[in-house]
>>> print(open('run_5.txt').read())   # compact mmCIF, C-alpha atoms
# COMPACT_ATOMS: atom_id res chain seq x y z
CA MET A 1 30.48 50.20 26.46
CA ARG A 2 33.00 47.34 26.08
CA LYS A 3 33.28 46.97 29.87
CA ILE A 4 29.49 46.78 30.19
CA MET A 5 29.32 44.09 27.50
CA ILE A 6 32.04 42.05 29.20
CA LEU A 7 30.26 42.33 32.54
CA ALA A 8 26.94 41.45 30.91
CA ALA A 9 28.53 38.42 29.26
CA LEU A 10 29.97 37.25 32.56
CA PHE A 11 26.65 37.69 34.30
CA GLY A 12 24.84 35.95 31.47
CA ALA A 13 27.16 33.02 31.86
CA SER A 14 26.31 32.86 35.54
CA LEU A 15 22.73 31.95 34.66
CA ILE A 16 23.84 28.74 33.07
CA ALA A 17 26.67 28.15 35.53
CA PRO A 18 24.54 26.23 38.05
CA VAL A 19 24.78 23.13 35.92
CA TYR A 20 27.84 23.81 33.88
CA ALA A 21 30.34 25.74 35.95
CA ASP A 22 34.01 25.08 35.33
CA GLN A 23 33.35 22.54 32.60
CA ALA A 24 35.17 22.97 29.33
CA VAL A 25 33.33 21.73 26.29
CA PRO A 26 35.58 19.20 24.55
CA GLY A 27 36.66 20.34 21.13
CA GLU A 28 35.92 24.03 21.75
CA ALA A 29 39.03 26.10 21.14
CA MET A 30 39.84 28.85 23.56
CA SER A 31 39.78 32.14 21.69
CA HIS A 32 38.70 35.73 21.96
CA THR A 33 35.57 35.04 19.98
CA HIS A 34 32.60 33.76 21.89
CA PRO A 35 30.65 30.78 20.62
CA ASP A 36 26.88 31.07 20.48
CA PRO A 37 25.79 30.44 24.09
CA VAL A 38 22.70 28.57 22.87
CA VAL A 39 24.90 26.05 21.04
CA THR A 40 27.13 25.75 24.09
CA VAL A 41 24.24 25.22 26.51
CA ASN A 42 22.77 22.53 24.27
CA LYS A 43 26.07 20.62 24.40
CA ARG A 44 26.28 21.04 28.15
CA LEU A 45 22.68 19.98 28.69
CA ALA A 46 23.28 16.84 26.63
CA ARG A 47 26.34 16.02 28.73
CA PHE A 48 24.52 16.67 31.99
CA LYS A 49 21.53 14.56 30.91
CA GLU A 50 23.89 11.72 30.07
CA GLU A 51 25.70 12.06 33.39
CA LEU A 52 22.40 11.97 35.27
CA LYS A 53 21.24 8.99 33.19
CA ILE A 54 17.75 10.44 32.83
CA THR A 55 15.16 7.68 32.54
CA SER A 56 12.03 7.71 30.41
CA ASP A 57 10.00 8.38 33.59
CA GLN A 58 12.10 11.49 34.23
CA GLU A 59 12.04 12.74 30.64
CA SER A 60 9.16 15.17 31.15
CA ALA A 61 10.80 16.89 34.14
CA TRP A 62 14.13 16.96 32.28
CA ASN A 63 12.54 18.48 29.16
CA ALA A 64 10.86 21.23 31.20
CA TYR A 65 14.16 22.12 32.87
CA ALA A 66 16.17 21.94 29.64
CA GLU A 67 13.66 24.08 27.74
CA LYS A 68 13.64 26.77 30.44
CA THR A 69 17.44 26.74 30.44
CA ARG A 70 17.62 27.08 26.64
CA ASN A 71 15.03 29.88 26.63
CA ASN A 72 16.85 31.78 29.37
CA VAL A 73 20.19 31.52 27.61
CA LYS A 74 18.60 32.60 24.31
CA ASP A 75 16.95 35.59 26.01
CA ILE A 76 20.24 36.65 27.60
CA ARG A 77 22.05 36.33 24.27
CA ASP A 78 19.37 38.37 22.51
CA GLN A 79 19.43 41.08 25.18
CA MET A 80 23.21 41.33 24.96
CA GLN A 81 23.09 41.57 21.17
CA ALA A 82 20.47 44.31 21.42
CA ALA A 83 22.61 46.15 23.97
CA MET A 84 25.56 46.09 21.58
CA ARG A 85 23.44 47.81 18.93
CA ASP A 86 22.24 50.54 21.27
CA THR A 87 23.36 54.08 20.71
CA ALA A 88 25.53 55.98 23.14
CA GLU A 89 23.94 56.71 26.48
CA THR A 90 24.71 58.90 29.41
CA ALA A 91 26.15 57.21 32.48
CA PRO A 92 22.82 57.35 34.38
CA GLU A 93 20.93 55.96 31.34
CA ARG A 94 23.43 53.13 30.98
CA PHE A 95 23.19 52.37 34.70
CA ASP A 96 19.36 52.34 34.54
CA ARG A 97 19.47 49.99 31.54
CA HIS A 98 21.84 47.71 33.40
CA ILE A 99 19.47 47.61 36.39
CA GLU A 100 16.58 46.68 34.06
CA LEU A 101 18.63 43.88 32.50
CA MET A 102 19.51 42.57 35.96
CA LYS A 103 15.83 42.58 36.96
CA LYS A 104 14.95 40.64 33.82
CA ARG A 105 17.69 38.13 34.53
CA LEU A 106 16.51 37.69 38.12
CA ALA A 107 12.97 37.05 36.86
CA SER A 108 14.38 34.58 34.37
CA PHE A 109 16.31 32.80 37.11
CA GLU A 110 13.19 32.66 39.28
CA ASN A 111 11.27 31.24 36.31
CA MET A 112 13.79 28.40 36.06
CA ASP A 113 13.45 27.62 39.75
CA ASP A 114 10.18 25.68 39.41
CA ALA A 115 11.53 23.60 36.53
CA LEU A 116 14.70 22.83 38.46
CA LYS A 117 12.73 21.84 41.55
CA GLY A 118 10.49 19.63 39.41
CA LEU A 119 13.50 17.91 37.89
CA TYR A 120 15.21 17.53 41.26
CA ALA A 121 12.10 15.96 42.78
CA ALA A 122 12.07 13.38 39.97
CA LEU A 123 15.71 12.38 40.51
CA THR A 124 16.93 9.34 42.44
CA PRO A 125 19.21 9.90 45.44
CA GLU A 126 22.24 9.06 43.27
CA GLN A 127 21.17 11.55 40.62
CA LYS A 128 20.56 14.20 43.26
CA THR A 129 24.16 13.77 44.42
CA ILE A 130 25.33 14.43 40.86
CA ALA A 131 23.04 17.47 40.53
CA ASP A 132 24.14 18.79 43.93
CA ARG A 133 27.77 18.58 42.84
CA HIS A 134 27.01 20.56 39.67
CA PHE A 135 24.99 23.21 41.46
CA SER A 136 27.64 23.60 44.17
CA ARG A 137 29.83 25.27 41.52
CA MET A 138 27.47 28.17 40.90
CA HIS A 139 29.21 31.45 40.17
CA HIS A 140 27.57 34.82 40.63
>>> encode(input="run_5.txt", output="structure tokens")
Amino acid sequence: MRKIMILAALFGASLIAPVYADQAVPGEAMSHTHPDPVVTVNKRLARFKEELKITSDQESAWNAYAEKTRNNVKDIRDQMQAAMRDTAETAPERFDRHIELMKKRLASFENMDDALKGLYAALTPEQKTIADRHFSRMHH
């Protein structure tokens, strides 16, 4: 079960990695405990928004993207917490549950796609360069 949770955590992190890959959050100590991913994504979104220098005209597109990102991270966290509370399963049951979680995460990723495209369309060429650099570090 521990291996599944570690793999699920790594995959969950990949959903927020498009914007935040390889970026340490200043002040966060490295430890074996995991901070709440919702808190972490909020910090990272704030940093990314600042880096992009989102204007008031872009605020609506930014808010749609940020909200979808927050909701997706919250859903992943909640699914992982529920999985940790699950009772023992057979190997096929565990595998089936993992497939279902992956399908939900794919749907979640697809749901974010429209918000990301809306934000990207609202960005200036300079901002798009910044966004492209962030999204080039996606990890799957």
>>> residues_around(input="run_5.txt", residues="A:Asn42", least_positions_apart="6", cutoff="10 Å", atoms="only C-alpha atoms", output="VMD selection string")
chain A and resid 48 66 to 67 69 to 70 73
>>> residues_near_point(input="run_5.txt", point="(14.4, 14.4, 38.0)", cutoff="9 Å", atoms="only C-alpha atoms", output="list in words")
Leu52, Ile54, Thr55, Asp57, Gln58, Glu59, Ser60, Ala61, Trp62, Leu116, Lys117, Gly118, Leu119, Tyr120, Ala121, Ala122, Leu123, Thr124, Gln127 and Lys128 of chain A
>>> atom_distance(input="run_5.txt", atom1="atom CA of A:Ile76", atom2="atom CA of A:Lys103")
11.9 Å
>>> closest_residue(input="run_5.txt", among="A:Glu50, A:Asp36, A:Glu126, A:Asp132", to="A:Gln81", atoms="only C-alpha atoms")
A:Asp36
>>> residues_around(input="run_5.txt", residues="A:Pro37", least_positions_apart="3", cutoff="7 Å", atoms="only C-alpha atoms", output="number ranges by chain")
A: 40-41, 73, 77
>>> closest_residue(input="run_5.txt", among="A:Tyr65, A:Asp96, A:Pro35, A:Arg133", to="A:Lys49", atoms="all atoms listed in the file")
A:Tyr65
>>> residues_around(input="run_5.txt", residues="A:Phe109", least_positions_apart="4", cutoff="10 Å", atoms="only C-alpha atoms", output="PDB file with C-alpha atoms, keeping the file's coordinate frame")
ATOM      1  CA  LEU A  15      22.730  31.950  34.660  1.00  0.00           C
ATOM      2  CA  ILE A  16      23.840  28.740  33.070  1.00  0.00           C
ATOM      3  CA  LYS A  68      13.640  26.770  30.440  1.00  0.00           C
ATOM      4  CA  THR A  69      17.440  26.740  30.440  1.00  0.00           C
ATOM      5  CA  ASN A  72      16.850  31.780  29.370  1.00  0.00           C
ATOM      6  CA  LYS A 103      15.830  42.580  36.960  1.00  0.00           C
ATOM      7  CA  LYS A 104      14.950  40.640  33.820  1.00  0.00           C
ATOM      8  CA  ARG A 105      17.690  38.130  34.530  1.00  0.00           C
ATOM      9  CA  ASP A 113      13.450  27.620  39.750  1.00  0.00           C
ATOM     10  CA  ASP A 114      10.180  25.680  39.410  1.00  0.00           C
TER      11      ASP A 114
END
>>> build_atoms(input="run_5.txt", residues="stretch 43-70 of chain A", atoms="N, CA and C atoms", output="CSV table (one decimal), in the coordinates of the input")
chain,number,residue,atom,x,y,z
A,43,LYS,N,25.0,21.6,24.2
A,43,LYS,CA,26.1,20.6,24.4
A,43,LYS,C,26.2,20.3,25.9
A,44,ARG,N,26.1,21.3,26.7
A,44,ARG,CA,26.3,21.0,28.2
A,44,ARG,C,25.1,20.3,28.7
A,45,LEU,N,23.9,20.7,28.2
A,45,LEU,CA,22.7,20.0,28.7
A,45,LEU,C,22.7,18.5,28.3
A,46,ALA,N,23.2,18.2,27.1
A,46,ALA,CA,23.3,16.8,26.6
A,46,ALA,C,24.2,16.1,27.5
A,47,ARG,N,25.4,16.7,27.9
A,47,ARG,CA,26.3,16.0,28.7
A,47,ARG,C,25.8,15.8,30.1
A,48,PHE,N,25.1,16.8,30.7
A,48,PHE,CA,24.5,16.7,32.0
A,48,PHE,C,23.4,15.6,32.0
A,49,LYS,N,22.6,15.6,31.0
A,49,LYS,CA,21.5,14.6,30.9
A,49,LYS,C,22.1,13.2,30.9
A,50,GLU,N,23.2,13.0,30.1
A,50,GLU,CA,23.9,11.7,30.1
A,50,GLU,C,24.5,11.4,31.4
A,51,GLU,N,25.1,12.3,32.1
A,51,GLU,CA,25.7,12.1,33.4
A,51,GLU,C,24.6,11.6,34.4
A,52,LEU,N,23.5,12.3,34.3
A,52,LEU,CA,22.4,12.0,35.3
A,52,LEU,C,21.7,10.6,34.9
A,53,LYS,N,21.9,10.2,33.7
A,53,LYS,CA,21.2,9.0,33.2
A,53,LYS,C,19.7,9.1,33.4
A,54,ILE,N,19.2,10.2,32.8
A,54,ILE,CA,17.8,10.4,32.8
A,54,ILE,C,17.0,9.3,32.2
A,55,THR,N,16.0,8.8,33.0
A,55,THR,CA,15.2,7.7,32.5
A,55,THR,C,13.9,8.2,31.8
A,56,SER,N,13.2,7.3,31.1
A,56,SER,CA,12.0,7.7,30.4
A,56,SER,C,11.0,8.3,31.4
A,57,ASP,N,10.9,7.8,32.6
A,57,ASP,CA,10.0,8.4,33.6
A,57,ASP,C,10.4,9.8,34.0
A,58,GLN,N,11.6,10.2,33.8
A,58,GLN,CA,12.1,11.5,34.2
A,58,GLN,C,12.2,12.5,33.0
A,59,GLU,N,11.9,12.0,31.9
A,59,GLU,CA,12.0,12.7,30.6
A,59,GLU,C,11.2,14.0,30.7
A,60,SER,N,10.0,14.0,31.1
A,60,SER,CA,9.2,15.2,31.2
A,60,SER,C,9.7,16.3,32.0
A,61,ALA,N,10.2,15.9,33.2
A,61,ALA,CA,10.8,16.9,34.1
A,61,ALA,C,12.1,17.4,33.5
A,62,TRP,N,12.9,16.5,32.9
A,62,TRP,CA,14.1,17.0,32.3
A,62,TRP,C,13.8,18.0,31.2
A,63,ASN,N,12.9,17.6,30.3
A,63,ASN,CA,12.5,18.5,29.2
A,63,ASN,C,12.1,19.9,29.6
A,64,ALA,N,11.3,19.9,30.7
A,64,ALA,CA,10.9,21.2,31.2
A,64,ALA,C,12.1,22.1,31.7
A,65,TYR,N,13.0,21.4,32.4
A,65,TYR,CA,14.2,22.1,32.9
A,65,TYR,C,15.0,22.5,31.7
A,66,ALA,N,15.3,21.6,30.8
A,66,ALA,CA,16.2,21.9,29.6
A,66,ALA,C,15.6,23.1,28.8
A,67,GLU,N,14.3,23.0,28.6
A,67,GLU,CA,13.7,24.1,27.7
A,67,GLU,C,13.8,25.4,28.4
A,68,LYS,N,13.5,25.5,29.7
A,68,LYS,CA,13.6,26.8,30.4
A,68,LYS,C,15.1,27.3,30.4
A,69,THR,N,16.0,26.4,30.5
A,69,THR,CA,17.4,26.7,30.4
A,69,THR,C,17.8,27.3,29.1
A,70,ARG,N,17.4,26.6,28.0
A,70,ARG,CA,17.6,27.1,26.6
A,70,ARG,C,17.0,28.5,26.4
